[in-house]
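What follows is structure.txt (compact mmCIF, C-alpha atoms).
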# COMPACT_ATOMS: atom_id res chain seq x y z
CA MET A 143 33.83 -43.82 -172.67
CA SER A 144 32.47 -42.63 -169.31
CA ALA A 145 28.73 -42.24 -168.75
CA SER A 146 27.36 -38.72 -169.16
CA PHE A 147 26.14 -36.83 -166.11
CA ARG A 148 22.46 -36.10 -165.54
CA ALA A 149 20.58 -33.71 -163.27
CA PRO A 150 20.20 -35.16 -159.73
CA VAL A 151 17.01 -37.04 -158.87
CA GLY A 152 14.28 -34.58 -157.90
CA THR A 153 15.76 -31.67 -159.86
CA HIS A 154 15.19 -30.51 -163.42
CA ASP A 155 16.69 -28.27 -166.06
CA VAL A 156 14.61 -25.45 -167.53
CA LEU A 157 15.68 -24.50 -171.05
CA ALA A 158 14.13 -22.53 -173.90
CA PRO A 159 11.39 -22.39 -174.95
CA GLN A 160 9.97 -23.36 -171.54
CA SER A 161 12.26 -20.91 -169.77
CA ALA A 162 10.37 -18.07 -171.49
CA LEU A 163 7.29 -19.12 -169.49
CA TRP A 164 9.32 -18.80 -166.28
CA GLU A 165 10.69 -15.43 -167.32
CA GLY A 166 7.21 -14.10 -168.03
CA LEU A 167 5.77 -15.46 -164.79
CA ILE A 168 8.54 -13.94 -162.67
CA ALA A 169 8.37 -10.61 -164.52
CA THR A 170 4.60 -10.50 -163.98
CA PHE A 171 5.04 -11.16 -160.27
CA ALA A 172 7.79 -8.54 -159.97
CA ASP A 173 5.45 -5.99 -161.56
CA PHE A 174 2.66 -6.80 -159.10
CA ALA A 175 5.03 -6.65 -156.14
CA TYR A 176 6.20 -3.20 -157.27
CA ARG A 177 2.60 -1.97 -157.56
CA TYR A 178 1.93 -3.09 -153.98
CA GLY A 179 5.06 -1.43 -152.58
CA PHE A 180 7.26 -4.52 -152.12
CA THR A 181 11.01 -4.38 -152.76
CA LEU A 182 13.25 -7.28 -153.76
CA ALA A 183 15.08 -9.16 -151.00
CA LEU A 184 17.95 -11.56 -151.76
CA THR A 185 19.01 -13.83 -148.90
CA PRO A 186 21.44 -16.79 -148.69
CA MET A 187 20.29 -20.19 -149.91
CA PHE A 188 21.59 -21.70 -146.66
CA GLU A 189 21.25 -20.51 -143.07
CA GLU A 190 22.24 -21.67 -139.63
CA ILE A 191 19.94 -24.58 -138.95
CA GLY A 192 18.32 -22.78 -136.01
CA VAL A 193 16.77 -20.20 -138.34
CA PHE A 194 14.55 -22.89 -139.80
CA ASN A 195 14.15 -25.08 -136.71
CA ARG A 196 12.85 -22.18 -134.62
CA GLY A 197 10.52 -20.99 -137.35
CA ILE A 198 8.96 -24.06 -138.92
CA GLY A 199 9.39 -26.21 -135.79
CA GLU A 200 12.23 -28.61 -135.06
CA HIS A 201 9.74 -31.49 -134.73
CA SER A 202 7.94 -30.74 -138.00
CA ASP A 203 8.18 -33.15 -140.93
CA VAL A 204 10.15 -30.57 -142.89
CA ALA A 205 12.77 -30.23 -140.15
CA THR A 206 13.05 -33.91 -139.26
CA LYS A 207 12.64 -35.57 -142.65
CA GLU A 208 13.04 -33.12 -145.52
CA MET A 209 15.70 -30.47 -144.81
CA TYR A 210 19.11 -30.76 -146.43
CA VAL A 211 21.48 -30.35 -143.46
CA PHE A 212 25.28 -30.19 -143.67
CA GLN A 213 28.38 -29.13 -141.78
CA ASP A 214 30.87 -26.76 -143.38
CA ARG A 215 34.66 -26.97 -142.99
CA GLY A 216 34.39 -24.98 -139.78
CA GLU A 217 32.02 -27.63 -138.36
CA ARG A 218 29.09 -25.19 -138.35
CA THR A 219 25.70 -26.78 -139.04
CA TYR A 220 23.68 -25.25 -141.85
CA ALA A 221 20.56 -26.15 -143.81
CA LEU A 222 19.54 -25.39 -147.37
CA ARG A 223 16.48 -23.16 -147.46
CA PRO A 224 13.28 -25.29 -147.35
CA GLU A 225 10.95 -22.26 -147.65
CA GLY A 226 11.18 -18.50 -148.11
CA THR A 227 9.80 -16.80 -145.00
CA ALA A 228 12.32 -17.60 -142.25
CA SER A 229 15.31 -16.17 -144.16
CA VAL A 230 13.52 -12.88 -144.89
CA VAL A 231 12.50 -12.52 -141.24
CA ARG A 232 16.07 -13.30 -140.15
CA ALA A 233 17.29 -10.55 -142.49
CA PHE A 234 14.68 -8.18 -141.03
CA VAL A 235 15.89 -8.90 -137.50
CA GLN A 236 19.53 -8.46 -138.52
CA HIS A 237 19.20 -5.21 -140.51
CA GLN A 238 16.18 -3.59 -138.82
CA PRO A 239 14.66 -1.78 -141.83
CA THR A 240 11.84 0.73 -141.42
CA THR A 241 8.47 -0.89 -140.77
CA PRO A 242 6.27 -2.02 -142.25
CA TYR A 243 8.99 -3.78 -144.19
CA LYS A 244 7.57 -5.20 -147.43
CA ALA A 245 9.80 -7.57 -149.40
CA TRP A 246 9.35 -9.92 -152.34
CA TYR A 247 11.58 -12.80 -153.34
CA VAL A 248 12.11 -15.50 -155.91
CA THR A 249 14.32 -18.39 -154.87
CA PRO A 250 15.08 -22.08 -155.14
CA ALA A 251 13.97 -24.12 -152.12
CA PHE A 252 15.05 -27.60 -151.11
CA ARG A 253 13.03 -30.50 -149.67
CA TYR A 254 14.09 -34.13 -149.59
CA GLU A 255 10.79 -35.73 -150.55
CA ARG A 256 9.44 -38.09 -153.16
CA PRO A 257 9.45 -36.24 -156.50
CA GLN A 258 6.07 -35.93 -158.22
CA ALA A 259 4.32 -33.62 -160.66
CA GLY A 260 5.14 -30.03 -159.76
CA ARG A 261 7.06 -31.07 -156.62
CA TYR A 262 10.82 -31.38 -156.80
CA ARG A 263 13.63 -31.71 -154.29
CA GLN A 264 14.84 -28.41 -155.67
CA HIS A 265 11.79 -26.38 -156.54
CA HIS A 266 11.34 -22.64 -156.98
CA GLN A 267 9.22 -20.23 -154.99
CA LEU A 268 8.18 -16.64 -155.28
CA GLY A 269 6.43 -14.73 -152.53
CA VAL A 270 6.13 -11.66 -150.35
CA GLU A 271 6.61 -10.84 -146.67
CA ALA A 272 5.19 -7.80 -144.85
CA ILE A 273 6.66 -7.32 -141.38
CA GLY A 274 5.97 -4.81 -138.61
CA SER A 275 2.19 -4.42 -138.42
CA ASP A 276 -0.76 -6.23 -136.81
CA ASP A 277 -3.32 -4.53 -139.06
CA PRO A 278 -5.72 -7.01 -140.72
CA ALA A 279 -5.62 -4.70 -143.76
CA LEU A 280 -2.08 -5.95 -144.33
CA ASP A 281 -3.34 -9.54 -144.42
CA VAL A 282 -5.89 -8.45 -147.01
CA GLU A 283 -3.25 -6.69 -149.10
CA VAL A 284 -1.04 -9.80 -149.22
CA ILE A 285 -3.94 -12.09 -150.11
CA THR A 286 -5.20 -9.64 -152.73
CA LEU A 287 -1.77 -9.39 -154.35
CA ALA A 288 -1.70 -13.17 -154.70
CA TRP A 289 -5.26 -13.30 -156.07
CA ARG A 290 -4.66 -10.55 -158.65
CA PHE A 291 -1.38 -12.17 -159.67
CA TYR A 292 -3.12 -15.48 -160.34
CA GLN A 293 -5.74 -13.64 -162.37
CA ALA A 294 -2.98 -11.97 -164.42
CA LEU A 295 -1.60 -15.43 -165.19
CA GLY A 296 -4.98 -16.24 -166.72
CA LEU A 297 -6.04 -18.68 -164.00
CA THR A 298 -9.79 -18.82 -163.44
CA ARG A 299 -10.38 -22.07 -161.54
CA ILE A 300 -8.83 -20.91 -158.27
CA ARG A 301 -10.34 -21.10 -154.78
CA LEU A 302 -9.18 -19.30 -151.63
CA LEU A 303 -9.36 -21.28 -148.36
CA LEU A 304 -9.20 -19.30 -145.10
CA ASN A 305 -8.73 -20.12 -141.43
CA SER A 306 -7.42 -18.47 -138.28
CA MET A 307 -4.87 -20.14 -136.01
CA GLY A 308 -5.52 -17.61 -133.26
CA HIS A 309 -2.68 -16.42 -131.03
CA VAL A 310 -0.71 -18.52 -128.56
CA GLU A 311 -3.31 -18.47 -125.77
CA CYS A 312 -6.47 -19.29 -127.73
CA ARG A 313 -4.63 -21.86 -129.82
CA ALA A 314 -3.39 -23.52 -126.62
CA ARG A 315 -6.98 -23.89 -125.42
CA TYR A 316 -7.92 -25.52 -128.68
CA VAL A 317 -4.90 -27.86 -128.66
CA ALA A 318 -5.82 -29.09 -125.18
CA VAL A 319 -9.32 -30.04 -126.33
CA LEU A 320 -8.02 -31.47 -129.59
CA ARG A 321 -5.46 -33.60 -127.77
CA ALA A 322 -8.20 -35.10 -125.58
CA HIS A 323 -10.28 -35.83 -128.68
CA LEU A 324 -7.36 -37.50 -130.46
CA GLU A 325 -6.51 -39.60 -127.43
CA GLU A 326 -10.08 -40.86 -127.30
CA HIS A 327 -9.97 -41.80 -131.00
CA ARG A 328 -6.28 -42.67 -131.41
CA SER A 329 -7.09 -46.21 -132.58
CA GLN A 330 -8.90 -44.73 -135.59
CA LEU A 331 -6.00 -42.57 -136.76
CA CYS A 332 -3.73 -43.45 -139.69
CA ASP A 333 -0.62 -45.53 -138.98
CA GLU A 334 1.66 -42.48 -138.84
CA HIS A 335 -0.43 -40.39 -136.45
CA ALA A 336 -1.61 -43.28 -134.28
CA THR A 337 1.76 -43.05 -132.53
CA THR A 338 2.79 -39.40 -133.13
CA TRP A 339 -0.46 -37.46 -132.50
CA SER A 340 0.50 -36.40 -128.97
CA GLN A 341 3.76 -34.68 -130.04
CA ASN A 342 1.89 -32.00 -131.96
CA PRO A 343 -1.86 -32.57 -132.36
CA LEU A 344 -2.11 -29.82 -134.99
CA ARG A 345 -0.12 -31.99 -137.41
CA VAL A 346 -3.08 -34.38 -137.58
CA LEU A 347 -5.21 -31.57 -139.05
CA ASP A 348 -2.83 -31.48 -142.00
CA CYS A 349 -3.16 -35.22 -142.71
CA LYS A 350 -4.79 -36.09 -146.04
CA ARG A 351 -5.62 -39.70 -145.16
CA ASP A 352 -9.30 -40.61 -144.79
CA ALA A 353 -8.86 -42.07 -141.30
CA CYS A 354 -7.48 -38.86 -139.81
CA ILE A 355 -9.90 -36.68 -141.78
CA GLY A 356 -12.82 -38.59 -140.30
CA VAL A 357 -11.56 -38.15 -136.74
CA ILE A 358 -10.88 -34.44 -137.22
CA ASN A 359 -14.26 -33.78 -138.84
CA ASP A 360 -15.96 -35.21 -135.77
CA GLY A 361 -13.83 -33.17 -133.38
CA PRO A 362 -13.48 -29.58 -132.17
CA LEU A 363 -12.95 -26.77 -134.71
CA LEU A 364 -10.25 -24.16 -134.22
CA PRO A 365 -12.36 -21.08 -135.10
CA ASP A 366 -14.69 -21.91 -132.19
CA PHE A 367 -11.81 -21.30 -129.73
CA LEU A 368 -10.68 -17.88 -130.95
CA CYS A 369 -10.52 -15.10 -128.38
CA ALA A 370 -12.47 -11.90 -129.04
CA ASP A 371 -9.45 -10.08 -130.53
CA CYS A 372 -8.51 -12.92 -132.88
CA ALA A 373 -12.14 -13.39 -133.92
CA ALA A 374 -12.44 -9.66 -134.69
CA HIS A 375 -9.18 -9.74 -136.69
CA PHE A 376 -10.40 -12.70 -138.74
CA ALA A 377 -13.81 -11.12 -139.32
CA ALA A 378 -12.12 -7.94 -140.57
CA VAL A 379 -10.04 -9.92 -143.06
CA ARG A 380 -13.05 -11.83 -144.41
CA SER A 381 -15.18 -8.69 -144.64
CA ALA A 382 -12.54 -6.73 -146.58
CA LEU A 383 -11.96 -9.60 -149.00
CA SER A 384 -15.71 -9.75 -149.61
CA ASP A 385 -15.77 -6.00 -150.29
CA LEU A 386 -13.04 -6.56 -152.90
CA GLY A 387 -15.10 -9.27 -154.60
CA ILE A 388 -12.67 -12.04 -153.57
CA ASP A 389 -14.61 -15.14 -152.56
CA SER A 390 -13.22 -17.28 -149.76
CA THR A 391 -14.18 -20.53 -148.07
CA LEU A 392 -13.73 -21.16 -144.34
CA GLU A 393 -11.57 -24.26 -143.89
CA PRO A 394 -11.23 -25.04 -140.15
CA ARG A 395 -8.67 -27.82 -140.81
CA LEU A 396 -6.23 -25.50 -142.57
CA VAL A 397 -3.07 -25.12 -140.44
CA ARG A 398 -0.34 -24.93 -143.15
CA GLY A 399 2.06 -27.26 -141.27
CA PHE A 400 4.56 -24.72 -139.86
CA ASP A 401 4.78 -23.73 -136.20
CA TYR A 402 5.23 -20.03 -136.90
CA TYR A 403 1.69 -19.39 -138.16
CA THR A 404 -0.71 -17.29 -136.05
CA ARG A 405 -4.12 -15.84 -136.80
CA THR A 406 -4.86 -15.64 -140.54
CA THR A 407 -3.84 -18.67 -142.58
CA PHE A 408 -4.80 -19.20 -146.20
CA GLU A 409 -4.26 -21.45 -149.18
CA PHE A 410 -5.02 -21.17 -152.88
CA VAL A 411 -6.06 -24.35 -154.69
CA ALA A 412 -6.35 -24.92 -158.44
CA ASP A 413 -9.31 -27.13 -159.27
CA ALA A 414 -7.94 -27.69 -162.77
CA LEU A 415 -5.17 -29.86 -161.28
CA GLY A 416 -7.88 -32.21 -160.06
CA ASN A 417 -6.02 -34.12 -157.34
CA ALA A 418 -4.94 -33.90 -153.71
CA GLN A 419 -1.81 -32.00 -154.73
CA ASN A 420 -3.72 -28.98 -156.02
CA ALA A 421 -2.35 -26.23 -153.75
CA ILE A 422 -0.54 -23.57 -155.76
CA GLY A 423 0.28 -21.16 -152.93
CA GLY A 424 -0.52 -20.07 -149.43
CA GLY A 425 0.66 -18.36 -146.32
CA GLY A 426 -0.52 -16.43 -143.32
CA ARG A 427 0.48 -14.48 -140.24
CA TYR A 428 3.57 -15.27 -138.16
CA ASP A 429 3.40 -12.71 -135.36
CA GLY A 430 5.93 -14.51 -133.12
CA LEU A 431 8.62 -15.38 -135.67
CA SER A 432 10.67 -12.19 -135.38
CA GLU A 433 10.97 -12.67 -131.61
CA GLN A 434 11.88 -16.35 -132.03
CA LEU A 435 14.78 -15.26 -134.26
CA GLY A 436 16.06 -12.73 -131.72
CA GLY A 437 14.16 -9.63 -132.79
CA LYS A 438 11.41 -7.47 -131.41
CA PRO A 439 7.89 -8.94 -131.13
CA VAL A 440 6.36 -7.53 -134.30
CA GLY A 441 3.61 -8.88 -136.53
CA GLY A 442 4.17 -10.27 -140.00
CA VAL A 443 2.26 -11.83 -142.86
CA GLY A 444 3.23 -13.32 -146.21
CA PHE A 445 2.61 -15.93 -148.86
CA GLY A 446 4.58 -18.11 -151.24
CA SER A 447 3.83 -19.93 -154.51
CA GLY A 448 5.71 -22.68 -156.28
CA ILE A 449 6.61 -21.72 -159.84
CA GLU A 450 6.46 -25.29 -161.12
CA ARG A 451 2.99 -25.78 -159.64
CA LEU A 452 1.74 -22.47 -161.10
CA LEU A 453 2.88 -23.48 -164.56
CA LEU A 454 1.14 -26.84 -164.18
CA ALA A 455 -2.07 -25.03 -163.22
CA ARG A 456 -1.81 -22.79 -166.30
CA GLU A 457 -1.25 -25.81 -168.51
CA ALA A 458 -4.22 -27.61 -166.93
CA GLU A 459 -6.41 -24.64 -167.89
CA GLY A 460 -5.09 -24.73 -171.45
CA LEU A 461 -2.87 -21.67 -171.01
CA THR A 462 0.42 -22.29 -172.80
CA GLY A 463 1.30 -18.89 -174.23
CA ASN A 464 4.11 -16.68 -172.95
CA LEU A 465 3.27 -13.81 -170.62
CA ILE A 466 5.84 -11.47 -172.18
CA ASN A 467 7.05 -10.96 -175.74
CA ARG A 468 10.53 -12.37 -176.22
CA THR A 469 10.67 -12.76 -180.02
CA ILE A 470 13.65 -11.88 -182.16
CA ASP A 471 13.18 -8.77 -184.31
CA ILE A 472 15.99 -9.21 -186.82
CA PHE A 473 18.34 -11.94 -188.02
CA VAL A 474 21.49 -10.73 -189.79
CA VAL A 475 22.77 -13.00 -192.56
CA ASP A 476 26.42 -12.30 -193.40
CA THR A 477 28.33 -13.79 -196.35
CA THR A 478 31.22 -11.30 -196.43
CA GLY A 479 33.50 -12.97 -193.90
CA ASP A 480 34.44 -9.51 -192.62
CA ASP A 481 33.31 -7.52 -189.55
CA VAL A 482 30.50 -5.73 -191.39
CA ALA A 483 27.82 -7.89 -189.75
CA THR A 484 29.46 -7.57 -186.32
CA VAL A 485 29.26 -3.78 -186.49
CA LEU A 486 25.71 -3.85 -187.88
CA VAL A 487 24.45 -6.24 -185.17
CA ASP A 488 25.93 -4.10 -182.42
CA ASP A 489 24.36 -0.96 -183.89
CA LEU A 490 20.95 -2.64 -184.14
CA ARG A 491 21.06 -3.85 -180.53
CA ALA A 492 22.15 -0.42 -179.33
CA ARG A 493 19.00 0.98 -180.97
CA GLY A 494 16.80 -1.42 -179.02
CA TYR A 495 16.25 -4.27 -181.46
CA ALA A 496 16.52 -7.95 -180.47
CA VAL A 497 18.99 -9.38 -182.96
CA GLU A 498 20.55 -12.75 -183.83
CA ARG A 499 23.09 -13.52 -186.53
CA GLY A 500 24.76 -16.30 -188.45
CA PHE A 501 28.15 -17.72 -187.43
CA ASP A 502 30.87 -20.03 -188.71
CA GLY A 503 30.88 -18.66 -192.27
CA ARG A 504 27.91 -20.78 -193.30
CA SER A 505 26.27 -20.44 -196.72
CA MET A 506 23.42 -18.04 -197.41
CA LYS A 507 20.99 -20.97 -197.65
CA SER A 508 22.10 -22.43 -194.34
CA GLN A 509 21.89 -19.09 -192.52
CA MET A 510 18.41 -18.41 -193.94
CA LYS A 511 17.18 -21.71 -192.48
CA VAL A 512 18.47 -20.64 -189.08
CA ALA A 513 16.90 -17.21 -189.54
CA ASP A 514 13.52 -18.76 -190.27
CA ARG A 515 13.73 -21.02 -187.20
CA SER A 516 14.68 -18.06 -184.99
CA GLY A 517 11.21 -16.54 -185.30
CA ALA A 518 12.65 -13.20 -186.41
CA ALA A 519 10.35 -10.86 -188.32
CA LEU A 520 13.06 -9.65 -190.70
CA ALA A 521 16.34 -10.88 -192.13
CA LEU A 522 19.03 -8.34 -193.07
CA LEU A 523 21.32 -9.69 -195.78
CA VAL A 524 24.89 -8.47 -195.97
CA GLY A 525 26.95 -9.78 -198.89
CA PRO A 526 29.77 -8.45 -201.09
CA GLN A 527 27.33 -6.64 -203.39
CA GLU A 528 25.62 -4.88 -200.48
CA VAL A 529 28.95 -3.83 -199.01
CA ALA A 530 30.18 -2.47 -202.34
CA ALA A 531 27.00 -0.39 -202.77
CA ASP A 532 26.73 0.56 -199.07
CA GLU A 533 23.29 -1.06 -198.99
CA ILE A 534 21.36 -3.64 -196.95
CA THR A 535 18.86 -6.17 -198.28
CA ILE A 536 15.75 -6.51 -196.08
CA ARG A 537 13.77 -9.73 -196.39
CA GLU A 538 10.38 -10.25 -194.72
CA LEU A 539 10.23 -13.64 -192.99
CA ARG A 540 6.62 -13.57 -191.74
CA SER A 541 4.71 -11.77 -194.52
CA ASP A 542 2.74 -13.09 -197.50
CA ASP A 543 2.87 -9.65 -199.17
CA PHE A 544 5.09 -10.21 -202.24
CA ASP A 545 5.74 -6.48 -202.72
CA ARG A 546 7.21 -6.30 -199.22
CA ALA A 547 9.03 -9.64 -199.36
CA GLN A 548 12.45 -8.20 -200.21
CA LEU A 549 13.80 -4.66 -200.44
CA ARG A 550 17.30 -3.30 -200.93
CA VAL A 551 17.91 0.06 -199.24
CA ALA A 552 20.78 2.45 -198.77
CA ARG A 553 22.59 1.96 -195.47
CA ASP A 554 21.58 5.40 -194.18
CA GLU A 555 17.90 4.70 -194.97
CA LEU A 556 17.85 1.44 -192.98
CA TRP A 557 16.59 2.93 -189.70
CA THR A 558 13.59 4.62 -191.30
CA VAL A 559 12.52 1.38 -192.99
CA LEU A 560 13.02 -0.68 -189.83
CA ARG A 561 10.86 1.70 -187.80
CA GLU A 562 8.10 1.38 -190.38
CA ARG A 563 8.35 -2.41 -190.66
CA LEU A 564 8.74 -3.19 -186.94
CA ASN A 565 6.86 -0.25 -185.40
CA LYS A 566 9.71 0.51 -183.03
Written as structure tokens, that's how I'd like the structure from this file.
Amino acid sequence: MSASFRAPVGTHDVLAPQSALWEGLIATFADFAYRYGFTLALTPMFEEIGVFNRGIGEHSDVATKEMYVFQDRGERTYALRPEGTASVVRAFVQHQPTTPYKAWYVTPAFRYERPQAGRYRQHHQLGVEAIGSDDPALDVEVITLAWRFYQALGLTRIRLLLNSMGHVECRARYVAVLRAHLEEHRSQLCDEHATTWSQNPLRVLDCKRDACIGVINDGPLLPDFLCADCAAHFAAVRSALSDLGIDSTLEPRLVRGFDYYTRTTFEFVADALGNAQNAIGGGGRYDGLSEQLGGKPVGGVGFGSGIERLLLAREAEGLTGNLINRTIDIFVVDTTGDDVATVLVDDLRARGYAVERGFDGRSMKSQMKVADRSGAALALLVGPQEVAADEITIRELRSDDFDRAQLRVARDELWTVLRERLNK
């Protein structure tokens, strides 16, 4: 007998009842996106490799170590999506929708990295992108959407970290000073960055090792090199967030790891996770990305959150309940062997009830066990006696009231009783 197949390393199956948590989380996010004027965007899971290389940087760790790259039968080189932003911006450039274009997405993303809690080689992201405006109010709207969404999930131990990457010119001034600082202290850097710091000094800011953190903390800070326009933009973002009652912490080392970021960058961390891998979402501005992908030079801002990480954060705060109600209303138990139950179930569902039923001609006792496990509020019993009398037996499955426990009603009275028992 051959061995059974299993999900690939770094992936995972999501089945009921856990899938109900995913459904509720996504539905909650979709509702928030709608309130903020974002429409759903669906883009391919793979793109020409240049879409990602130009956006996130062809020398970044994601591009060089983590992307899934392949050639198709036409010898074209593609990559599986490692993040959500680049594909949406590519679609914006291709289709040229009216600006500001505001899109939300939910998608699998792929990174070849060591699997760990909440981080998989195929993980799942949801996020928004707002393209076509330089207004700092748009930054605030995106950050606020994320903050209110996390609140709606019940999360309370969340912190917002803020920084500004500046634009190309002021960031270049900072990089020059940073490079000189790193060269002077290169012997103190971690093993990885001791030899790679000169390729992109900003990568060292993202390092979580104590050696690099110590060097960076003693070096120049990016916000000190912002030009007047970038400083004013950042001040406007921080002021508006304060007016909304959203606390933020300036984090000068925050660079988010992708080359496309400009000006506002931000990250949300969940203290309940209690370790270095406590980021649950983040994003920022990418004012040059549209032009890099062949479009007009327009501003853009967005954020993304990993679904697995969000669910871990909820669990860490003791939040395990579903965000939406997905219980079964009625379970139909059929012992006739005819199509009576089939017709009844279809009628019930057409009237808006969530309905399950017994199959395979099982006994009344067996079907009632399944009905009880289903979580249904009511069981409707259909047997030869009920069919002969054109009646239905209603049995309460979740009530201790003996007088309501079981009732036999005429078929044409069923809907009135159901409305009273189920309030719908």
>> When you count all atoms listed in the file, which of these residues is closest to A:Leu539: A:Gly430, A:Gly517, A:Gly437, A:Gly387?
In response: A:Gly517
>> List as JSON, numbers by chain the residues having at least one atom at most 8 Å from position (2.3, -11.5, -136.3) as given in the file, counting all atoms listed in the file.
In response: {"A": [273, 274, 275, 276, 404, 405, 427, 428, 429, 430, 431, 440, 441, 442, 443]}
Size and centre in Å, one decimal, axis-aligned box, all listed stretch 404-419 of chain A atoms plus 4 Å per side, as lines of an AutoDock Vina configuration file:
center_x = -5.0
center_y = -24.9
center_z = -149.4
size_x = 16.6
size_y = 26.5
size_z = 34.7
> Near A:Leu396, counting all atoms listed in the file, which residues have an atom at most 12 Å away, once you skip same-chain residues fewer than 4 positions from it, shown as JSON, numbers by chain?
Replying inline: {"A": [302, 303, 304, 305, 306, 307, 344, 345, 346, 347, 348, 349, 350, 355, 358, 363, 364, 365, 391, 392, 400, 403, 404, 405, 406, 407, 408, 409, 410, 421, 424, 425, 426]}
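The smallest atom-to-atom distance between A:Val497 and any of A:Ala279, A:Gly479, A:Arg223, A:Ile472, using all atoms listed in the file, is found for A:Ile472.
Of the listed residues (A:Lys507, A:Arg261, A:Arg540, A:His323), A:His323 comes nearest to A:Asn359; the distances count only C-alpha atoms.
Residue nearest A:Leu182, chosen from A:Leu556, A:His154, A:Gly260, A:Gly269 and counting all atoms listed in the file: A:Gly269.
Considering the residues A:Ser516, A:Ser229, A:Thr558, A:Asn417 and counting only C-alpha atoms, A:Leu435 has its shortest atom-to-atom contact with A:Ser229.
In terms of minimum interatomic distance to A:Ala172, A:Val270 ranks closest within A:Val270, A:Asn464, A:Glu326, A:Thr241, counting only C-alpha atoms.
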> atom CA of A:Ser384 to atom CA of A:Asp401: how many Å, to one decimal?
Replying inline: 28.2 Å
>> Report as a PyMOL selection string all protein, DNA and RNA residues lying within 12 Å of A:Gly166, evaluated on all atoms listed in the file, omitting residues in the same chain fewer than 4 positions from it.
In response: chain A and resi 159-162+170-173+294-295+449+453+462-468
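For A:Glu528, the list of residues within 10 Å, based on all atoms listed in the file and with local chain neighbours fewer than 2 positions off taken out, reads Thr478, Leu523, Val524, Gly525, Pro526, Ala530, Ala531, Asp532, Glu533, Ile534, Thr535, Arg550, Val551, Ala552 and Arg553 of chain A.
As for atom CA of A:Gly179 and atom CA of A:Ala245, they are spaced 8.4 Å apart.
One finds atom CA of A:Gly423 at 19.7 Å from atom CA of A:Phe376.
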> Can you tell me, as a ChimeraX atom specification, which residues sit within 8 Å of (-11.3, -20.3, -124.8) in the file's frame, using all atoms listed in the file?
Replying inline: /A:312,315-316,367-369
